[in-house]
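For reference, the structure discussed in these notes is given below.
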Protein chains: 2
Amino acid sequence: MRVLTVARDLRRRHARERHQLFVAEGVRAVDELLRSSLTIRGALVAASNTDDRAQAIASTLRGRGIPLQEVTDTEFASAADTETPQGILAIGEVPSRNLSTVALPTPLRLIILDALQDPGNVGTILRTAAALGAAATIALPGTVDLWNAKVVRSSMGAHFLHPAISCTWEVLTSFLAERDVELWAADAAGEPLAKALAPNSAALDRIAIAVGNEGAGLSTQTRGRADRLVAIEISPEIESLNVAVATGIMLYQLRP
Amino acid sequence: MRVLTVARDLRRRHARERHQLFVAEGVRAVDELLRSSLTIRGALVAASNTDDRAQAIASTLRGRGIPLQEVTDTEFASAADTETPQGILAIGEVPSRNLSTVALPTPLRLIILDALQDPGNVGTILRTAAALGAAATIALPGTVDLWNAKVVRSSMGAHFLHPAISCTWEVLTSFLAERDVELWAADAAGEPLAKALAPNSAALDRIAIAVGNEGAGLSTQTRGRADRLVAIEISPEIESLNVAVATGIMLYQLRP
């Protein structure tokens with residue numbers, strides 16, 4: 001395969017979905033991808049790239065027999081997602097994951113992304129969910145593509161370990177009902193988080209935490225279906241917390 | 001004053017420091033600035049801007065007698081910090097704040113930024129600190145300028161309420177000693193946060209929480225001077241949490 005052509009094509013969500021491939025760009029992301037169990041199809045290096053870490057990664061890629069294409073800076077920029085590219089990217093296979101393949105430990109924590117738009121927020125949430133022991137992160141329709149290049153970069157490799165799954169509202173609700181998972185949703189009008197967590201307030205065995213869109217908050221469906229609306233106690237002068245920060249606080253409070 | 005010339009000049013940190021002025025760009029940031037007690041020196045509107053919210057803000061600015069300059073899209077872009085500008089920005093006066101003017105409630109919580117580089121992280125931390133009741137956020141040398149346009153945007157207006165102060169390490173350490181403030185610092189090698197917070201483990205009256213650079217972590221000075229190093233308990237597979245998420249978790253755990 002001509003890596004440059006594929007990498008350019010994968011800038012479009014439709015192409016990523018059709019081919020089930022994604023791009024990991026930059027030294028850190030490619031390095032994390034190499035350490036993971038995911039399959040790497042090819043890599044692109046800018047000819048001008050003399051960075052030691054990038055050279056070491058390129059050499060590892062060659063050692064594994066992964067197709068490596070050297071291109072000019074202009075060609076690299078045409079495939080890159082960043083403004084000041086580090087001159088290295090790799091193409092990986094999207095792992096085939098769905099709700100039925102997710103391991104379900106007890107206690108169970110899941111994160112539900114309810115139409116989140118900002119790729120940096122989504123990547124940071126994946127990193128946070130993996131760090132704080134969530135079993136999976138599930139993206140509902142309206143959420144930015146989980147394999148968007150910026151999501152992959154922002155997750156700092158969490159992406160390659162932590163199951164990140166897109167599914168419809170119907171599939172999610174059946175899953176929650178079948179597995180007896182309680183749905184909590186973050187909402188300014190909810191009960192204070194500390195109260196929701198008070199001893200004996202609830203069995204906290206299986207909880208999915210939904211967080212809403214950066215501007216609009218929760219969708220009507222999620223708000224209506226949630227077993228509990230919970231609010232992180234904040235100063236009345238401030239409208240809200242950043243959604244990744246809010247997710248981190250809730251997951252830490254609910255850590256197994 | 002010719003607003004366009006000043007706004008362009010304020011893209012440089014040196015100019016912001018010399019004039020003690022900053023730029024709030026975009027509908028949301030200008031709106032929050034208008035609601036605050038800060039002084040607005042002037043505003044810039046792109047002539048092509050027909051967005052209702054931007055028009056309403058422009059009309060409020062005119063009503064307050066604030067100099068408003070209409071410019072072409074190209075001129076606006078030359079002063080803007082964003083890639084796809086919303087066509088409105090305002091110039092505000094940096095409030096004169098220093099450690100001696102910060103109100104010191106009991107319990108006291110302060111956030112110390114130890115050479116943080118990412119403006120999005122710093123803005124999100126300011127928003128989080130304001131939301132979770134920190135009295136101030138203090139930036140040590142090596143930290144991105146607190147009045148950088150992206151920091152201002154990312155703070156979502158928290159900037160205009162919450163004291164954000166830059167100071168030297170010497171000034172900070174004198175302040176902490178004089179006011180009997182305990183210095184905690186987030187570090188992967190620290191004691192688990194839950195243990196540090198265990199009942200009777202310490203008096204939690206006056207605590208400053210230091211968070212370190214995104215790549216390098218804490219500076220040698222901060223690590224050496226800290227009364228306690230604390231670690232948020234995370235999965236061994238993940239290197240670290242995002243620094244704004246970590247700040248949110250620690251502040252929430254230590255909330256007054």
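In the structure tokens, chains take the letters A, B, ... in the order shown, each chain's residues start at 1, and ligands count up from 1 in the order shown.
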Exercise for the section: Using only C-alpha atoms, select each residue of chain A with any atom at most 9 Å away from an atom of chain B, and give the selection as a PyMOL selection string. Expected result: chain A and resi 124+127-128+130-133+156-158+161+232-242+244-250+252-253
Written file, previous selection with N, CA, C and O atoms, as a CSV table (one decimal), in the first residue's frame:
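Everything below was put into result_17.csv:
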chain,number,residue,atom,x,y,z
A,124,THR,N,-8.9,13.1,26.2
A,124,THR,CA,-8.5,13.2,27.6
A,124,THR,C,-9.4,12.3,28.5
A,124,THR,O,-9.0,11.7,29.4
A,127,ARG,N,-8.2,8.8,28.2
A,127,ARG,CA,-7.0,8.6,29.1
A,127,ARG,C,-7.4,8.5,30.5
A,127,ARG,O,-6.9,7.7,31.3
A,128,THR,N,-8.3,9.3,30.9
A,128,THR,CA,-8.8,9.4,32.3
A,128,THR,C,-9.5,8.1,32.7
A,128,THR,O,-9.4,7.5,33.8
A,130,ALA,N,-9.2,5.1,31.3
A,130,ALA,CA,-8.3,4.0,31.4
A,130,ALA,C,-7.5,4.1,32.7
A,130,ALA,O,-7.3,3.1,33.4
A,131,ALA,N,-7.1,5.3,33.1
A,131,ALA,CA,-6.3,5.5,34.3
A,131,ALA,C,-7.1,5.2,35.6
A,131,ALA,O,-6.5,4.7,36.6
A,132,LEU,N,-8.4,5.5,35.6
A,132,LEU,CA,-9.2,5.3,36.8
A,132,LEU,C,-10.1,4.1,36.8
A,132,LEU,O,-11.0,4.0,37.5
A,133,GLY,N,-9.7,3.2,35.9
A,133,GLY,CA,-10.3,1.8,36.0
A,133,GLY,C,-11.7,1.6,35.4
A,133,GLY,O,-12.4,0.7,35.7
A,156,MET,N,-3.2,9.9,24.5
A,156,MET,CA,-1.8,9.5,25.0
A,156,MET,C,-1.6,8.0,25.1
A,156,MET,O,-1.0,7.5,26.0
A,157,GLY,N,-2.2,7.3,24.1
A,157,GLY,CA,-2.0,5.9,24.1
A,157,GLY,C,-3.1,5.1,24.8
A,157,GLY,O,-3.2,3.9,24.7
A,158,ALA,N,-3.9,5.7,25.6
A,158,ALA,CA,-5.0,5.0,26.4
A,158,ALA,C,-5.9,4.3,25.4
A,158,ALA,O,-6.3,3.2,25.7
A,161,LEU,N,-5.3,0.6,24.7
A,161,LEU,CA,-5.5,-0.4,25.8
A,161,LEU,C,-7.0,-0.4,26.2
A,161,LEU,O,-7.5,-1.5,26.5
A,232,ILE,N,-21.7,17.8,40.3
A,232,ILE,CA,-20.5,18.1,41.1
A,232,ILE,C,-20.8,19.5,41.7
A,232,ILE,O,-21.2,20.4,41.0
A,233,GLU,N,-20.5,19.6,43.0
A,233,GLU,CA,-20.8,20.9,43.7
A,233,GLU,C,-19.8,21.9,43.3
A,233,GLU,O,-18.6,21.8,43.6
A,234,ILE,N,-20.2,23.0,42.6
A,234,ILE,CA,-19.3,24.0,42.2
A,234,ILE,C,-19.8,25.4,42.7
A,234,ILE,O,-21.0,25.5,43.0
A,235,SER,N,-18.9,26.4,42.6
A,235,SER,CA,-19.2,27.8,42.9
A,235,SER,C,-20.4,28.3,42.0
A,235,SER,O,-20.3,28.0,40.8
A,236,PRO,N,-21.3,29.0,42.6
A,236,PRO,CA,-22.4,29.5,41.7
A,236,PRO,C,-22.0,30.5,40.7
A,236,PRO,O,-22.7,30.7,39.7
A,237,GLU,N,-20.8,31.0,40.9
A,237,GLU,CA,-20.3,32.0,39.9
A,237,GLU,C,-19.8,31.4,38.6
A,237,GLU,O,-19.6,32.1,37.6
A,238,ILE,N,-19.5,30.1,38.6
A,238,ILE,CA,-19.0,29.4,37.5
A,238,ILE,C,-20.0,28.5,36.9
A,238,ILE,O,-20.7,27.8,37.6
A,239,GLU,N,-20.2,28.5,35.5
A,239,GLU,CA,-21.2,27.8,34.9
A,239,GLU,C,-21.1,26.3,35.0
A,239,GLU,O,-22.0,25.6,35.2
A,240,SER,N,-19.9,25.8,34.7
A,240,SER,CA,-19.7,24.4,34.7
A,240,SER,C,-18.2,24.1,34.8
A,240,SER,O,-17.4,25.0,34.6
A,241,LEU,N,-17.9,22.8,35.0
A,241,LEU,CA,-16.5,22.3,34.9
A,241,LEU,C,-16.3,21.8,33.4
A,241,LEU,O,-17.2,21.5,32.7
A,242,ASN,N,-15.0,21.8,33.0
A,242,ASN,CA,-14.7,21.1,31.8
A,242,ASN,C,-15.2,19.7,31.9
A,242,ASN,O,-15.1,19.1,32.9
A,244,ALA,N,-14.0,16.8,30.8
A,244,ALA,CA,-13.0,15.8,31.1
A,244,ALA,C,-12.7,15.9,32.6
A,244,ALA,O,-12.5,14.9,33.3
A,245,VAL,N,-12.6,17.1,33.1
A,245,VAL,CA,-12.4,17.3,34.6
A,245,VAL,C,-13.5,16.7,35.4
A,245,VAL,O,-13.3,16.0,36.4
A,246,ALA,N,-14.7,17.0,34.9
A,246,ALA,CA,-15.9,16.4,35.6
A,246,ALA,C,-15.9,14.9,35.6
A,246,ALA,O,-16.2,14.2,36.6
A,247,THR,N,-15.6,14.3,34.5
A,247,THR,CA,-15.5,12.9,34.3
A,247,THR,C,-14.5,12.3,35.3
A,247,THR,O,-14.7,11.3,36.0
A,248,GLY,N,-13.3,13.0,35.4
A,248,GLY,CA,-12.2,12.5,36.3
A,248,GLY,C,-12.7,12.5,37.8
A,248,GLY,O,-12.5,11.6,38.5
A,249,ILE,N,-13.4,13.6,38.1
A,249,ILE,CA,-13.8,13.7,39.5
A,249,ILE,C,-14.9,12.6,39.8
A,249,ILE,O,-14.8,11.9,40.9
A,250,MET,N,-15.8,12.4,39.0
A,250,MET,CA,-16.8,11.4,39.2
A,250,MET,C,-16.2,10.0,39.3
A,250,MET,O,-16.5,9.2,40.1
A,252,TYR,N,-13.1,9.2,39.9
A,252,TYR,CA,-12.3,9.0,41.1
A,252,TYR,C,-13.2,8.7,42.3
A,252,TYR,O,-12.8,7.9,43.2
A,253,GLN,N,-14.2,9.5,42.5
A,253,GLN,CA,-15.2,9.3,43.6
A,253,GLN,C,-15.8,7.9,43.6
A,253,GLN,O,-16.1,7.3,44.6
Problem - strand (DSSP E or B) call set, DSSP backbone run, range 22-96 of chain A, as a VMD selection string - result: chain A and resid 22 to 25 40 to 46 68 to 71 88 to 93
Can you check which residues of range 30-79 of chain B DSSP gives as alpha helix (DSSP H) on the backbone and send them as a PDB file with N, CA and C atoms, in the first residue's frame?
ATOM      1  N   VAL B  30     -15.786  37.433  25.229  1.00  0.00           N
ATOM      2  CA  VAL B  30     -16.128  38.859  25.325  1.00  0.00           C
ATOM      3  C   VAL B  30     -17.372  39.037  26.195  1.00  0.00           C
ATOM      4  N   ASP B  31     -18.313  38.132  26.043  1.00  0.00           N
ATOM      5  CA  ASP B  31     -19.524  38.176  26.854  1.00  0.00           C
ATOM      6  C   ASP B  31     -19.186  38.056  28.342  1.00  0.00           C
ATOM      7  N   GLU B  32     -18.328  37.101  28.685  1.00  0.00           N
ATOM      8  CA  GLU B  32     -17.932  36.923  30.087  1.00  0.00           C
ATOM      9  C   GLU B  32     -17.172  38.155  30.592  1.00  0.00           C
ATOM     10  N   LEU B  33     -16.347  38.730  29.714  1.00  0.00           N
ATOM     11  CA  LEU B  33     -15.592  39.923  30.113  1.00  0.00           C
ATOM     12  C   LEU B  33     -16.542  41.079  30.428  1.00  0.00           C
ATOM     13  N   LEU B  34     -17.582  41.216  29.616  1.00  0.00           N
ATOM     14  CA  LEU B  34     -18.580  42.269  29.837  1.00  0.00           C
ATOM     15  C   LEU B  34     -19.312  42.090  31.164  1.00  0.00           C
ATOM     16  N   ARG B  35     -19.518  40.843  31.570  1.00  0.00           N
ATOM     17  CA  ARG B  35     -20.223  40.572  32.827  1.00  0.00           C
ATOM     18  C   ARG B  35     -19.320  40.783  34.042  1.00  0.00           C
ATOM     19  N   ASP B  52     -25.909  36.899  15.474  1.00  0.00           N
ATOM     20  CA  ASP B  52     -26.796  37.623  16.386  1.00  0.00           C
ATOM     21  C   ASP B  52     -26.147  37.929  17.734  1.00  0.00           C
ATOM     22  N   ARG B  53     -25.473  36.913  18.296  1.00  0.00           N
ATOM     23  CA  ARG B  53     -24.877  37.119  19.622  1.00  0.00           C
ATOM     24  C   ARG B  53     -23.760  38.157  19.560  1.00  0.00           C
ATOM     25  N   ALA B  54     -22.955  38.086  18.482  1.00  0.00           N
ATOM     26  CA  ALA B  54     -21.871  39.060  18.328  1.00  0.00           C
ATOM     27  C   ALA B  54     -22.451  40.465  18.165  1.00  0.00           C
ATOM     28  N   GLN B  55     -23.549  40.588  17.406  1.00  0.00           N
ATOM     29  CA  GLN B  55     -24.194  41.901  17.208  1.00  0.00           C
ATOM     30  C   GLN B  55     -24.714  42.457  18.530  1.00  0.00           C
ATOM     31  N   ALA B  56     -25.304  41.573  19.344  1.00  0.00           N
ATOM     32  CA  ALA B  56     -25.840  42.004  20.634  1.00  0.00           C
ATOM     33  C   ALA B  56     -24.702  42.483  21.535  1.00  0.00           C
ATOM     34  N   ILE B  57     -23.587  41.765  21.497  1.00  0.00           N
ATOM     35  CA  ILE B  57     -22.438  42.164  22.314  1.00  0.00           C
ATOM     36  C   ILE B  57     -21.875  43.496  21.833  1.00  0.00           C
ATOM     37  N   ALA B  58     -21.774  43.653  20.492  1.00  0.00           N
ATOM     38  CA  ALA B  58     -21.268  44.908  19.935  1.00  0.00           C
ATOM     39  C   ALA B  58     -22.153  46.064  20.381  1.00  0.00           C
ATOM     40  N   SER B  59     -23.444  45.823  20.409  1.00  0.00           N
ATOM     41  CA  SER B  59     -24.371  46.875  20.802  1.00  0.00           C
ATOM     42  C   SER B  59     -24.201  47.224  22.294  1.00  0.00           C
ATOM     43  N   THR B  60     -23.988  46.220  23.139  1.00  0.00           N
ATOM     44  CA  THR B  60     -23.715  46.489  24.565  1.00  0.00           C
ATOM     45  C   THR B  60     -22.428  47.300  24.727  1.00  0.00           C
ATOM     46  N   LEU B  61     -21.401  46.923  23.958  1.00  0.00           N
ATOM     47  CA  LEU B  61     -20.119  47.633  24.030  1.00  0.00           C
ATOM     48  C   LEU B  61     -20.322  49.107  23.658  1.00  0.00           C
ATOM     49  N   ARG B  62     -21.057  49.351  22.569  1.00  0.00           N
ATOM     50  CA  ARG B  62     -21.330  50.734  22.141  1.00  0.00           C
ATOM     51  C   ARG B  62     -22.081  51.493  23.227  1.00  0.00           C
ATOM     52  N   GLY B  63     -23.073  50.816  23.812  1.00  0.00           N
ATOM     53  CA  GLY B  63     -23.876  51.439  24.877  1.00  0.00           C
ATOM     54  C   GLY B  63     -23.022  51.861  26.067  1.00  0.00           C
ATOM     55  N   ASP B  73     -12.232  41.172   7.341  1.00  0.00           N
ATOM     56  CA  ASP B  73     -11.915  39.827   7.853  1.00  0.00           C
ATOM     57  C   ASP B  73     -10.409  39.593   7.890  1.00  0.00           C
ATOM     58  N   THR B  74      -9.708  40.080   6.865  1.00  0.00           N
ATOM     59  CA  THR B  74      -8.251  39.896   6.809  1.00  0.00           C
ATOM     60  C   THR B  74      -7.578  40.629   7.964  1.00  0.00           C
ATOM     61  N   GLU B  75      -8.033  41.851   8.224  1.00  0.00           N
ATOM     62  CA  GLU B  75      -7.464  42.604   9.345  1.00  0.00           C
ATOM     63  C   GLU B  75      -7.771  41.898  10.663  1.00  0.00           C
ATOM     64  N   PHE B  76      -9.022  41.424  10.795  1.00  0.00           N
ATOM     65  CA  PHE B  76      -9.385  40.731  12.033  1.00  0.00           C
ATOM     66  C   PHE B  76      -8.474  39.518  12.237  1.00  0.00           C
ATOM     67  N   ALA B  77      -8.311  38.744  11.163  1.00  0.00           N
ATOM     68  CA  ALA B  77      -7.479  37.537  11.256  1.00  0.00           C
ATOM     69  C   ALA B  77      -6.043  37.873  11.681  1.00  0.00           C
ATOM     70  N   SER B  78      -5.570  39.055  11.305  1.00  0.00           N
ATOM     71  CA  SER B  78      -4.189  39.432  11.647  1.00  0.00           C
ATOM     72  C   SER B  78      -4.019  39.693  13.138  1.00  0.00           C
ATOM     73  N   ALA B  79      -5.119  39.924  13.832  1.00  0.00           N
ATOM     74  CA  ALA B  79      -5.054  40.151  15.280  1.00  0.00           C
ATOM     75  C   ALA B  79      -5.534  38.926  16.057  1.00  0.00           C
TER      76      ALA B  79
END
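For the pair CA of Ala135 in chain A and CA of Ala164 in chain A, the separation is 9.4 Å.
Residues lying within 9 Å of Trp169 in chain B, counting only C-alpha atoms and ignoring same-chain neighbours fewer than 2 positions away, are Leu140, Pro141, Cys167, Val171, Leu172, Thr173, Ser174, Gln221 and Thr222 of chain B.
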Exercise for the section: Extract, using only C-alpha atoms, all DNA, RNA and protein residues at most 12 Å from His14 in chain A, discarding same-chain residues fewer than 6 positions from it, and format them as number ranges by chain. Expected result: A: 20-22, 145, 147-148
Generate a file of the selected residues that holds N, CA, C and O atoms, formatted as a short mmCIF file (atom, residue, chain, number, x, y, z; two decimals), in the first residue's frame.
data_model
loop_
_atom_site.label_atom_id
_atom_site.label_comp_id
_atom_site.auth_asym_id
_atom_site.auth_seq_id
_atom_site.Cartn_x
_atom_site.Cartn_y
_atom_site.Cartn_z
N GLN A 20 -11.64 0.78 8.50
CA GLN A 20 -11.32 0.41 9.89
C GLN A 20 -9.83 0.60 10.19
O GLN A 20 -9.15 -0.28 10.74
N LEU A 21 -9.35 1.78 9.76
CA LEU A 21 -7.96 2.17 10.00
C LEU A 21 -7.95 3.56 10.63
O LEU A 21 -8.91 4.31 10.48
N PHE A 22 -6.87 3.89 11.33
CA PHE A 22 -6.73 5.23 11.91
C PHE A 22 -5.27 5.65 11.84
O PHE A 22 -4.39 4.83 11.58
N ASP A 145 -15.80 11.31 16.11
CA ASP A 145 -15.25 9.98 15.84
C ASP A 145 -14.14 9.64 16.83
O ASP A 145 -13.18 10.39 17.00
N TRP A 147 -11.82 7.68 16.55
CA TRP A 147 -10.53 7.43 15.89
C TRP A 147 -10.05 8.62 15.08
O TRP A 147 -9.11 8.51 14.27
N ASN A 148 -10.65 9.77 15.33
CA ASN A 148 -10.18 11.05 14.83
C ASN A 148 -8.72 11.23 15.30
O ASN A 148 -8.37 10.86 16.42
#
Handout entry: Residue neighbourhood Ala24 in chain B, 8 Å, only C-alpha atoms, exclusion window fewer than 4 positions, as a list in words
Key =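 My reading of the contact set: Ala29, Val30, Leu33, Leu89, Ala90, Ile91, Gly92, Ala149, Val152 and Arg153 of chain B.
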File dump, residues just selected, N, CA, C and O atoms, as a short mmCIF file (atom, residue, chain, number, x, y, z; two decimals), in the first residue's frame:
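And here is the file that came out, part32.cif:
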data_model
loop_
_atom_site.label_atom_id
_atom_site.label_comp_id
_atom_site.auth_asym_id
_atom_site.auth_seq_id
_atom_site.Cartn_x
_atom_site.Cartn_y
_atom_site.Cartn_z
N ALA B 29 -16.00 34.61 25.33
CA ALA B 29 -15.01 35.31 26.15
C ALA B 29 -15.36 36.78 26.31
O ALA B 29 -15.27 37.34 27.42
N VAL B 30 -15.79 37.43 25.23
CA VAL B 30 -16.13 38.86 25.33
C VAL B 30 -17.37 39.04 26.20
O VAL B 30 -17.46 39.96 27.01
N LEU B 33 -16.35 38.73 29.71
CA LEU B 33 -15.59 39.92 30.11
C LEU B 33 -16.54 41.08 30.43
O LEU B 33 -16.36 41.80 31.41
N LEU B 89 -13.53 40.53 19.28
CA LEU B 89 -12.57 40.43 20.39
C LEU B 89 -12.59 41.73 21.18
O LEU B 89 -13.01 42.77 20.67
N ALA B 90 -12.16 41.66 22.42
CA ALA B 90 -12.10 42.86 23.25
C ALA B 90 -10.75 42.90 23.95
O ALA B 90 -10.13 41.86 24.20
N ILE B 91 -10.32 44.12 24.25
CA ILE B 91 -9.06 44.31 24.98
C ILE B 91 -9.39 44.71 26.41
O ILE B 91 -10.13 45.68 26.64
N GLY B 92 -8.88 43.95 27.36
CA GLY B 92 -9.17 44.23 28.77
C GLY B 92 -7.91 44.58 29.54
O GLY B 92 -6.80 44.27 29.10
N ALA B 149 -3.89 34.57 24.95
CA ALA B 149 -5.27 34.56 24.44
C ALA B 149 -5.94 33.19 24.59
O ALA B 149 -7.14 33.10 24.88
N VAL B 152 -6.97 32.62 28.21
CA VAL B 152 -8.18 33.40 28.51
C VAL B 152 -9.42 32.69 27.95
O VAL B 152 -10.43 32.55 28.64
N ARG B 153 -9.33 32.21 26.70
CA ARG B 153 -10.48 31.52 26.11
C ARG B 153 -10.81 30.23 26.88
O ARG B 153 -11.97 29.95 27.16
#
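Shortest atom-to-atom contact with Glu214 in chain B among B:Pro107, B:Arg97, B:Asp118, B:Ala136: B:Asp118, counting only C-alpha atoms.
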Practice task
Write out as a ChimeraX atom specification each polymer residue whose atoms come within 12 Å of Ala139 in chain B, counting only C-alpha atoms; drop sequence neighbours fewer than 2 positions from it.
Solution key: /B:98-99,110-117,122-123,125-126,136-137,141-147,163-169,171-172,209-213
Practice task
Go through B:Thr5, B:Ser219, B:Leu176, B:Arg228 and flag the residue nearest Lys195 in chain B, using only C-alpha atoms for the distances.
Solution key: B:Arg228
